[in-house]
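File shown: target_34.cif. Contents: mmCIF, C-alpha atoms, pLDDT in the B column; chains and numbers go by the auth columns.
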data_coords
loop_
_atom_site.group_PDB
_atom_site.id
_atom_site.type_symbol
_atom_site.label_atom_id
_atom_site.label_comp_id
_atom_site.label_asym_id
_atom_site.label_seq_id
_atom_site.Cartn_x
_atom_site.Cartn_y
_atom_site.Cartn_z
_atom_site.B_iso_or_equiv
_atom_site.auth_seq_id
_atom_site.auth_asym_id
ATOM 1 C CA MET A 1 25.042 13.894 -9.478 83.00 1 H
ATOM 2 C CA ASN A 2 23.684 10.442 -10.136 89.00 2 H
ATOM 3 C CA GLY A 3 24.427 6.877 -9.099 90.00 3 H
ATOM 4 C CA GLU A 4 24.391 3.473 -10.697 93.00 4 H
ATOM 5 C CA PHE A 5 24.741 0.035 -9.132 94.00 5 H
ATOM 6 C CA ARG A 6 25.243 -3.233 -10.971 93.00 6 H
ATOM 7 C CA VAL A 7 24.937 -6.913 -10.091 92.00 7 H
ATOM 8 C CA LYS A 8 25.466 -10.186 -11.909 91.00 8 H
ATOM 9 C CA LEU A 9 22.433 -12.463 -12.036 91.00 9 H
ATOM 10 C CA THR A 10 22.649 -16.235 -12.368 86.00 10 H
ATOM 11 C CA ASP A 11 19.179 -16.326 -13.944 78.00 11 H
ATOM 12 C CA PHE A 12 19.089 -13.586 -16.562 77.00 12 H
ATOM 13 C CA ASP A 13 15.611 -14.011 -18.021 86.00 13 H
ATOM 14 C CA GLN A 14 14.615 -10.478 -19.071 91.00 14 H
ATOM 15 C CA GLU A 15 10.881 -11.206 -19.063 91.00 15 H
ATOM 16 C CA LYS A 16 11.055 -12.652 -15.554 91.00 16 H
ATOM 17 C CA VAL A 17 13.124 -9.752 -14.228 92.00 17 H
ATOM 18 C CA THR A 18 10.768 -7.177 -15.776 93.00 18 H
ATOM 19 C CA LYS A 19 7.730 -8.897 -14.233 93.00 19 H
ATOM 20 C CA ILE A 20 9.386 -8.979 -10.801 94.00 20 H
ATOM 21 C CA PHE A 21 9.954 -5.220 -10.854 95.00 21 H
ATOM 22 C CA THR A 22 6.565 -4.441 -12.372 93.00 22 H
ATOM 23 C CA ASP A 23 4.753 -6.495 -9.734 93.00 23 H
ATOM 24 C CA ALA A 24 6.731 -4.855 -6.942 94.00 24 H
ATOM 25 C CA TYR A 25 6.653 -1.206 -8.134 92.00 25 H
ATOM 26 C CA GLN A 26 3.744 -1.173 -10.605 88.00 26 H
ATOM 27 C CA ASN A 27 4.280 0.296 -14.052 87.00 27 H
ATOM 28 C CA LYS A 28 5.943 3.552 -13.005 92.00 28 H
ATOM 29 C CA LEU A 29 8.651 3.543 -15.681 94.00 29 H
ATOM 30 C CA PRO A 30 7.065 6.347 -17.791 94.00 30 H
ATOM 31 C CA GLY A 31 6.717 8.629 -14.773 94.00 31 H
ATOM 32 C CA ALA A 32 10.210 7.893 -13.451 95.00 32 H
ATOM 33 C CA PHE A 33 11.776 8.446 -16.863 94.00 33 H
ATOM 34 C CA ALA A 34 9.870 11.720 -17.314 93.00 34 H
ATOM 35 C CA ARG A 35 11.317 12.989 -14.010 93.00 35 H
ATOM 36 C CA SER A 36 14.893 11.872 -14.770 93.00 36 H
ATOM 37 C CA ALA A 37 17.767 13.759 -16.365 89.00 37 H
ATOM 38 C CA TYR A 38 17.242 11.612 -19.473 89.00 38 H
ATOM 39 C CA LYS A 39 13.823 13.131 -20.282 86.00 39 H
ATOM 40 C CA SER A 40 15.193 15.893 -22.509 78.00 40 H
ATOM 41 C CA GLY A 41 18.123 14.013 -23.974 70.00 41 H
ATOM 42 C CA THR A 42 18.517 12.018 -27.175 68.00 42 H
ATOM 43 C CA LEU A 43 21.276 9.567 -26.212 80.00 43 H
ATOM 44 C CA VAL A 44 19.139 7.412 -23.893 87.00 44 H
ATOM 45 C CA SER A 45 15.497 6.581 -24.572 91.00 45 H
ATOM 46 C CA GLU A 46 12.808 5.067 -22.357 92.00 46 H
ATOM 47 C CA SER A 47 13.017 1.823 -24.348 92.00 47 H
ATOM 48 C CA GLU A 48 16.449 1.128 -22.844 94.00 48 H
ATOM 49 C CA PHE A 49 14.830 0.544 -19.434 95.00 49 H
ATOM 50 C CA CYS A 50 12.548 -2.257 -18.267 94.00 50 H
ATOM 51 C CA ALA A 51 11.265 -0.719 -15.035 95.00 51 H
ATOM 52 C CA GLY A 52 11.353 2.409 -12.925 95.00 52 H
ATOM 53 C CA TYR A 53 10.092 3.958 -9.719 95.00 53 H
ATOM 54 C CA HIS A 54 9.972 7.439 -8.239 95.00 54 H
ATOM 55 C CA THR A 55 9.214 9.187 -4.965 94.00 55 H
ATOM 56 C CA ASN A 56 9.081 12.893 -4.169 92.00 56 H
ATOM 57 C CA ASP A 57 12.849 13.108 -3.709 93.00 57 H
ATOM 58 C CA SER A 58 14.396 10.245 -5.714 95.00 58 H
ATOM 59 C CA LEU A 59 13.959 7.767 -8.526 96.00 59 H
ATOM 60 C CA PHE A 60 15.518 4.693 -10.057 97.00 60 H
ATOM 61 C CA LEU A 61 15.459 3.249 -13.561 97.00 61 H
ATOM 62 C CA VAL A 62 16.296 -0.391 -14.288 96.00 62 H
ATOM 63 C CA TYR A 63 18.171 -0.876 -17.551 96.00 63 H
ATOM 64 C CA MET A 64 17.316 -3.691 -19.923 94.00 64 H
ATOM 65 C CA MET A 65 19.753 -6.471 -19.049 90.00 65 H
ATOM 66 C CA GLU A 66 23.115 -6.728 -20.763 85.00 66 H
ATOM 67 C CA SER A 67 23.825 -10.454 -20.893 82.00 67 H
ATOM 68 C CA ASP A 68 23.867 -11.430 -17.203 88.00 68 H
ATOM 69 C CA ARG A 69 24.359 -7.934 -15.779 91.00 69 H
ATOM 70 C CA LEU A 70 21.588 -5.790 -14.336 94.00 70 H
ATOM 71 C CA LYS A 71 22.147 -2.038 -13.945 95.00 71 H
ATOM 72 C CA VAL A 72 20.043 0.336 -11.872 96.00 72 H
ATOM 73 C CA TYR A 73 20.299 4.102 -12.372 96.00 73 H
ATOM 74 C CA VAL A 74 19.618 6.258 -9.293 96.00 74 H
ATOM 75 C CA GLU A 75 18.875 9.965 -9.109 94.00 75 H
ATOM 76 C CA THR A 76 17.928 12.348 -6.298 93.00 76 H
ATOM 77 C CA ILE A 77 16.185 15.728 -6.392 90.00 77 H
ATOM 78 C CA ASN A 78 19.064 17.356 -4.505 87.00 78 H
ATOM 79 C CA LYS A 79 21.929 16.719 -6.901 84.00 79 H
ATOM 80 C CA LYS A 80 24.553 18.283 -4.612 83.00 80 H
ATOM 81 C CA ASP A 81 23.958 16.205 -1.474 86.00 81 H
ATOM 82 C CA LEU A 82 26.475 13.349 -1.588 86.00 82 H
ATOM 83 C CA VAL A 83 25.325 11.891 1.742 86.00 83 H
ATOM 84 C CA LEU A 84 21.768 11.719 0.425 89.00 84 H
ATOM 85 C CA MET A 85 22.944 10.039 -2.769 90.00 85 H
ATOM 86 C CA LYS A 86 24.911 7.371 -0.893 89.00 86 H
ATOM 87 C CA SER A 87 21.995 6.564 1.399 91.00 87 H
ATOM 88 C CA THR A 88 19.564 6.487 -1.550 93.00 88 H
ATOM 89 C CA VAL A 89 21.797 4.117 -3.527 93.00 89 H
ATOM 90 C CA ASN A 90 22.070 1.797 -0.535 91.00 90 H
ATOM 91 C CA ARG A 91 18.319 1.968 0.133 93.00 91 H
ATOM 92 C CA TYR A 92 17.425 0.969 -3.413 95.00 92 H
ATOM 93 C CA PHE A 93 20.208 -1.625 -3.519 94.00 93 H
ATOM 94 C CA GLU A 94 18.786 -3.288 -0.417 92.00 94 H
ATOM 95 C CA GLN A 95 15.255 -3.202 -1.854 93.00 95 H
ATOM 96 C CA VAL A 96 16.362 -4.713 -5.166 94.00 96 H
ATOM 97 C CA THR A 97 18.446 -7.491 -3.610 92.00 97 H
ATOM 98 C CA ASP A 98 15.649 -8.305 -1.143 92.00 98 H
ATOM 99 C CA LEU A 99 13.379 -8.596 -4.164 93.00 99 H
ATOM 100 C CA PHE A 100 15.825 -11.007 -5.797 91.00 100 H
ATOM 101 C CA LYS A 101 15.956 -13.095 -2.625 91.00 101 H
ATOM 102 C CA LYS A 102 12.156 -13.236 -2.456 93.00 102 H
ATOM 103 C CA HIS A 103 11.994 -14.604 -6.012 93.00 103 H
ATOM 104 C CA GLY A 104 14.998 -16.929 -5.704 91.00 104 H
ATOM 105 C CA LEU A 105 17.324 -14.952 -7.987 91.00 105 H
ATOM 106 C CA ARG A 106 20.988 -15.328 -7.067 90.00 106 H
ATOM 107 C CA TRP A 107 23.173 -12.269 -7.521 90.00 107 H
ATOM 108 C CA SER A 108 26.892 -11.565 -7.151 89.00 108 H
ATOM 109 C CA LYS A 109 29.684 -9.103 -7.997 88.00 109 H
ATOM 110 C CA PRO A 110 27.934 -5.915 -6.794 89.00 110 H
ATOM 111 C CA GLU A 111 29.455 -2.641 -8.001 89.00 111 H
ATOM 112 C CA VAL A 112 28.450 0.991 -7.671 89.00 112 H
ATOM 113 C CA THR A 113 29.456 4.290 -9.242 88.00 113 H
ATOM 114 C CA ILE A 114 28.432 7.774 -8.150 86.00 114 H
ATOM 115 C CA THR A 115 29.176 10.457 -10.717 84.00 115 H
ATOM 116 C CA LEU A 116 29.854 13.785 -9.036 74.00 116 H
ATOM 117 C CA GLU A 117 30.461 16.662 -11.459 64.00 117 H
ATOM 118 C CA GLU A 118 31.665 14.229 -14.113 53.00 118 H
ATOM 119 C CA CYS A 119 34.076 12.627 -11.631 54.00 119 H
ATOM 120 C CA PRO A 120 33.100 9.001 -10.853 57.00 120 H
ATOM 121 C CA VAL A 121 33.445 7.646 -7.324 56.00 121 H
ATOM 122 C CA TYR A 122 33.423 3.889 -6.831 58.00 122 H
ATOM 123 C CA GLY A 123 32.156 1.768 -3.969 59.00 123 H
ATOM 124 C CA PHE A 124 32.026 -1.867 -2.923 60.00 124 H
ATOM 125 C CA VAL A 125 30.126 -4.180 -0.620 60.00 125 H
ATOM 126 C CA LYS A 126 32.191 -5.268 2.394 61.00 126 H
ATOM 127 C CA THR A 127 31.527 -8.978 2.912 63.00 127 H
ATOM 128 C CA ARG A 128 32.457 -11.119 5.924 63.00 128 H
ATOM 129 C CA LYS A 129 35.522 -12.268 3.995 68.00 129 H
ATOM 130 C CA ASP A 130 36.555 -8.638 3.444 65.00 130 H
ATOM 131 C CA ARG A 131 36.170 -7.853 7.152 63.00 131 H
ATOM 132 C CA PHE A 132 38.235 -10.911 8.087 67.00 132 H
ATOM 133 C CA LEU A 133 41.026 -9.921 5.674 69.00 133 H
ATOM 134 C CA GLU A 134 40.959 -6.386 7.073 69.00 134 H
ATOM 135 C CA ILE A 135 41.454 -7.737 10.609 63.00 135 H
ATOM 136 C CA TRP A 136 44.161 -10.131 9.382 64.00 136 H
ATOM 137 C CA GLN A 137 46.070 -7.337 7.613 70.00 137 H
ATOM 138 C CA GLY A 138 46.035 -5.295 10.797 63.00 138 H
ATOM 139 C CA GLN A 139 47.432 -8.121 12.957 62.00 139 H
ATOM 140 C CA LYS A 140 49.746 -10.134 10.700 61.00 140 H
ATOM 141 C CA GLU A 141 52.787 -7.961 11.466 62.00 141 H
ATOM 142 C CA LYS A 142 52.397 -8.746 15.173 61.00 142 H
ATOM 143 C CA LEU A 143 51.804 -12.426 14.401 62.00 143 H
ATOM 144 C CA PHE A 144 54.893 -13.027 12.298 61.00 144 H
ATOM 145 C CA ILE A 145 57.194 -10.112 11.516 64.00 145 H
ATOM 146 C CA ALA A 146 57.659 -8.637 15.014 63.00 146 H
ATOM 147 C CA PRO A 147 58.375 -11.947 16.869 64.00 147 H
ATOM 148 C CA ILE A 148 60.743 -13.252 14.170 66.00 148 H
ATOM 149 C CA ALA A 149 62.596 -9.928 14.002 68.00 149 H
ATOM 150 C CA SER A 150 62.914 -9.831 17.799 66.00 150 H
ATOM 151 C CA LEU A 151 64.280 -13.377 18.004 65.00 151 H
ATOM 152 C CA ALA A 152 66.669 -12.830 15.091 70.00 152 H
ATOM 153 C CA ALA A 153 68.045 -9.633 16.627 67.00 153 H
ATOM 154 C CA SER A 154 68.523 -11.333 20.003 65.00 154 H
ATOM 155 C CA TYR A 155 70.275 -14.312 18.413 65.00 155 H
ATOM 156 C CA VAL A 156 72.683 -12.087 16.468 69.00 156 H
ATOM 157 C CA ALA A 157 73.410 -10.031 19.604 64.00 157 H
ATOM 158 C CA LEU A 158 74.186 -13.235 21.533 61.00 158 H
ATOM 159 C CA LYS A 159 76.533 -14.508 18.800 65.00 159 H
ATOM 160 C CA VAL A 160 78.573 -11.318 18.797 65.00 160 H
ATOM 161 C CA ASN A 161 78.637 -11.227 22.602 64.00 161 H
ATOM 162 C CA ILE A 162 76.491 -8.092 22.905 63.00 162 H
ATOM 163 C CA LEU A 163 73.580 -9.750 24.699 54.00 163 H
ATOM 164 C CA PRO A 164 73.930 -12.098 27.709 63.00 164 H
ATOM 165 C CA ALA A 165 72.104 -15.427 27.636 61.00 165 H
ATOM 166 C CA ASP A 166 69.686 -14.325 30.394 67.00 166 H
ATOM 167 C CA ASP A 167 68.616 -11.314 28.348 64.00 167 H
ATOM 168 C CA LEU A 168 68.076 -13.567 25.319 60.00 168 H
ATOM 169 C CA VAL A 169 65.648 -15.700 27.364 66.00 169 H
ATOM 170 C CA LYS A 170 63.789 -12.563 28.436 70.00 170 H
ATOM 171 C CA ASP A 171 63.507 -11.388 24.825 65.00 171 H
ATOM 172 C CA MET A 172 62.249 -14.784 23.739 66.00 172 H
ATOM 173 C CA LYS A 173 59.575 -14.699 26.442 72.00 173 H
ATOM 174 C CA LYS A 174 58.612 -11.194 25.339 72.00 174 H
ATOM 175 C CA ALA A 175 58.280 -12.366 21.717 67.00 175 H
ATOM 176 C CA VAL A 176 56.053 -15.255 22.804 71.00 176 H
ATOM 177 C CA ILE A 177 53.842 -12.905 24.851 73.00 177 H
ATOM 178 C CA LEU A 178 53.512 -10.466 21.930 69.00 178 H
ATOM 179 C CA THR A 179 52.570 -13.312 19.607 69.00 179 H
ATOM 180 C CA ALA A 180 49.961 -14.635 22.051 73.00 180 H
ATOM 181 C CA GLU A 181 48.482 -11.134 22.425 70.00 181 H
ATOM 182 C CA ALA A 182 48.263 -10.797 18.640 68.00 182 H
ATOM 183 C CA TYR A 183 46.438 -14.140 18.303 71.00 183 H
ATOM 184 C CA ILE A 184 44.001 -13.160 21.056 74.00 184 H
ATOM 185 C CA GLY A 185 43.483 -9.782 19.337 70.00 185 H
ATOM 186 C CA ILE A 186 42.724 -11.337 15.958 68.00 186 H
ATOM 187 C CA LEU A 187 40.346 -13.844 17.610 71.00 187 H
ATOM 188 C CA ILE A 188 38.416 -11.077 19.383 72.00 188 H
ATOM 189 C CA GLY A 189 38.385 -8.971 16.216 66.00 189 H
ATOM 190 C CA PHE A 190 37.100 -11.944 14.230 67.00 190 H
ATOM 191 C CA ILE A 191 34.279 -12.605 16.701 70.00 191 H
ATOM 192 C CA ILE A 192 33.168 -8.971 16.874 65.00 192 H
ATOM 193 C CA GLY A 193 33.836 -7.892 13.285 60.00 193 H
ATOM 194 C CA VAL A 194 32.819 -11.036 11.436 56.00 194 H
ATOM 195 C CA VAL A 195 30.700 -13.427 13.501 56.00 195 H
ATOM 196 C CA LEU A 196 28.622 -10.932 15.517 53.00 196 H
ATOM 197 C CA THR A 197 28.348 -8.233 12.823 55.00 197 H
ATOM 198 C CA ALA A 198 25.373 -8.493 10.498 52.00 198 H
ATOM 199 C CA ASN A 199 26.307 -9.053 6.862 56.00 199 H
ATOM 200 C CA LYS A 200 24.425 -5.997 5.604 55.00 200 H
ATOM 201 C CA LYS A 201 23.937 -5.405 1.893 63.00 201 H
ATOM 202 C CA VAL A 202 25.327 -1.865 1.718 68.00 202 H
ATOM 203 C CA PHE A 203 28.059 -0.236 -0.302 67.00 203 H
ATOM 204 C CA THR A 204 31.152 1.234 1.329 66.00 204 H
ATOM 205 C CA PHE A 205 32.609 4.231 -0.511 64.00 205 H
ATOM 206 C CA ASN A 206 36.348 4.877 -0.785 58.00 206 H
ATOM 207 C CA PHE A 207 36.421 8.646 -0.260 50.00 207 H
#
Go ahead and render the structure in this file as structure tokens.
Amino acid sequence: MNGEFRVKLTDFDQEKVTKIFTDAYQNKLPGAFARSAYKSGTLVSESEFCAGYHTNDSLFLVYMMESDRLKVYVETINKKDLVLMKSTVNRYFEQVTDLFKKHGLRWSKPEVTITLEECPVYGFVKTRKDRFLEIWQGQKEKLFIAPIASLAASYVALKVNILPADDLVKDMKKAVILTAEAYIGILIGFIIGVVLTANKKVFTFNF
């Protein structure tokens, strides 16, 4: 099992990026590469990376940049622990993006892949916009579809003399109350899920 996360950099100066990583993690590329799964292979050589770092239980290797994309390969000692891999990917992702912020490098379009027994699993970073859309999707039926359907059904029933006028008024009031509750719900959800929730730089995995 291994992981890889990618970001797009506005400033894609390879020399500058290499220096940033070297200053932060020293020149540990040879040691990290020697510990990685690539050490005994022939398809990927050390020259394809610009930086690396290792601890007792994990490592990362930073690929040489491809145009404006930066890729970081992540590996853990325990190759069967998916929870460990996810937390390690997020830990290194946070470190790398904090490093970019420190040096004024703007990044966007984060992506991640974890390869588990040759089966890739993808993840994404949930932004404030994503959380707002998630809340909106959960409430929009109550905001529009349910009230309109209720009023339409009541109107048809009145026209065909199934529903008395008094009952129509009651249904209309009920539709208004449901709509008001939905708007209050989406407002509370927005405050808690978007405004008060920290915009953490972590990947969310869809599995």
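Applied to the file shown here, the PyMOL selection byres ((chain H and resi 32) around 9) selects the residues Lys28, Leu29, Pro30, Gly31, Phe33, Ala34, Arg35, Ser36, Ala51, Gly52, Tyr53, His54, Thr55, Leu59, Phe60 and Leu61 of chain H.
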(Q) Under the PyMOL selection byres ((chain H and resi 82-95) around 10), which residues of this model are included? Write them out as an MDAnalysis selection string. (A) chainID H and resid 1:7 57:60 72:81 96:101 110 112:116 123 200:205
Q | Atomic separation - atom CA of Ala37 of chain H relative to atom CA of Lys19 of chain H, Å | A |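 We find that atom CA of Lys19 of chain H and atom CA of Ala37 of chain H lie 24.9 Å from each other.
Atom CA of Leu43 of chain H is found 28.3 Å from atom CA of Asp23 of chain H.
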Report the centre and edge lengths, in Å to one decimal, of an axis-aligned box enclosing every atom of segment 94-98 of chain H listed in the file, padded by 3 Å on each side, as AutoDock Vina command-line options.
--center_x 17.0 --center_y -5.8 --center_z -2.8 --size_x 9.5 --size_y 11.1 --size_z 10.7
Q. Between atom CA of Lys71 of chain H and atom CA of Thr18 of chain H, what is the distance, to one decimal in Å?
A.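 Here the two named atoms are 12.6 Å from each other.
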